[in-house]
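Heads up: the structure comes next, in structure tokens.
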Amino acid sequence: MSYKLYYADRSAAMGARVVLEEIGAPYELIWTDISQGSTREPELLALNPNGWIPVLVWEEGTIYECGAITVFLCDRHPEIQLAPGPTDSDRGLFLQWLFFFSSSLQNAFQMTYYPNRFCASSKDEASVKRRSTSRLQELWQVVDAAIGEKDWLLGNQFSAADIYLFMLTTWLSESHQHPAADSFANVKRVAAKVMQRPSVRFIYESHISDIAAGKKRAP
């Protein structure tokens, strides 16, 4: 099995790429310009009319949305044990967190980086950004409380949901007045453990170097 991944650094495609690295299947990156004001390539729009990445291509089709790609890859490669199986008691919890991350937390981040999408007038963009900050505080607190003293989101078992959690922590930006990861001790603890995995250290090398140097970056 081999894959193609429409990809850009500091995007949700990085989480999908970590899963591919964990699986160990061959894949090709299709580098994609998603900077504000850029024109999406017709090839990408044909696969995802929204113009977003990641988009995963495999021998029989195409799928987009990071959460969907994560579930798809985990189910296609169950031997890697990145997700509970369909009849496992933790399956519902696994899906819950993937949907929570993709629909709630990512949406709150978009309010910071794309405020124009959440208001009819540019004069309201500052208010949207402020709400983004408070919304991120609320949502990360939910995650932090749910982790509690557990080793991972699902308890004792590492999963792709922890990879997704780590990816989203890298989007927290001091320059945008986001809450600091230090405010959520349990989230920070899990993210620090995820960061030790070889797949994550490879893909997030520059991010990890910035942390070591005390630098802060935004997506």
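Just remember, in the structure tokens the first chain shown is A, the second B, etc., residues are 1-based per chain, and ligands are 1-based in the order shown.
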| task | Mind checking which residues fall within 12 Å of region 33-45 of chain A, counting only C-alpha atoms, ignoring those fewer than 5 positions away in the same chain, and posting them as a PyMOL selection string? | result | chain A and resi 5-13+50-57+62-64+113-114+116+219
Env of Leu20 (chain A): 9 Å cut, atoms = only C-alpha atoms, seq-sep filter 5 positions within chain, self excluded. Answer as a PDB file with N, CA and C atoms, in the first residue's frame.
ATOM      1  N   TYR A   3       0.689   5.788  -0.557  1.00  0.00           N
ATOM      2  CA  TYR A   3      -0.219   6.924  -0.452  1.00  0.00           C
ATOM      3  C   TYR A   3       0.436   8.186  -1.015  1.00  0.00           C
ATOM      4  N   GLY A  15      -0.289  16.209  11.145  1.00  0.00           N
ATOM      5  CA  GLY A  15      -0.820  15.118  11.949  1.00  0.00           C
ATOM      6  C   GLY A  15      -1.045  13.863  11.125  1.00  0.00           C
ATOM      7  N   ALA A  25       4.081   2.804   5.963  1.00  0.00           N
ATOM      8  CA  ALA A  25       3.775   2.592   4.549  1.00  0.00           C
ATOM      9  C   ALA A  25       4.447   3.684   3.710  1.00  0.00           C
ATOM     10  N   PRO A  26       4.855   3.358   2.484  1.00  0.00           N
ATOM     11  CA  PRO A  26       5.456   4.387   1.626  1.00  0.00           C
ATOM     12  C   PRO A  26       4.426   5.459   1.268  1.00  0.00           C
ATOM     13  N   TYR A  27       4.888   6.701   1.228  1.00  0.00           N
ATOM     14  CA  TYR A  27       3.990   7.784   0.832  1.00  0.00           C
ATOM     15  C   TYR A  27       4.783   8.890   0.146  1.00  0.00           C
ATOM     16  N   LEU A  73      -6.837   5.602   8.125  1.00  0.00           N
ATOM     17  CA  LEU A  73      -5.528   4.964   8.160  1.00  0.00           C
ATOM     18  C   LEU A  73      -5.404   3.985   9.321  1.00  0.00           C
ATOM     19  N   SER A 199       8.613   9.331  15.074  1.00  0.00           N
ATOM     20  CA  SER A 199       7.846   9.903  13.961  1.00  0.00           C
ATOM     21  C   SER A 199       7.598  11.391  14.166  1.00  0.00           C
TER      22      SER A 199
END
| Close residues, Cys74 (chain A) itself excluded, 10 Å, only C-alpha atoms, min 3 positions apart in chain, as a PyMOL selection string | chain A and resi 19-20+22-23+68-71+77-85+159-160
| field | Neighbour list for region 135-152 of chain A as an MDAnalysis selection string, cut-off 12 Å, only C-alpha atoms, skip fewer than 4 positions in-chain | value | chainID A and resid 93:94 96:98 100:101 103:112 128:131 156:166 168:169 171:173 176:194
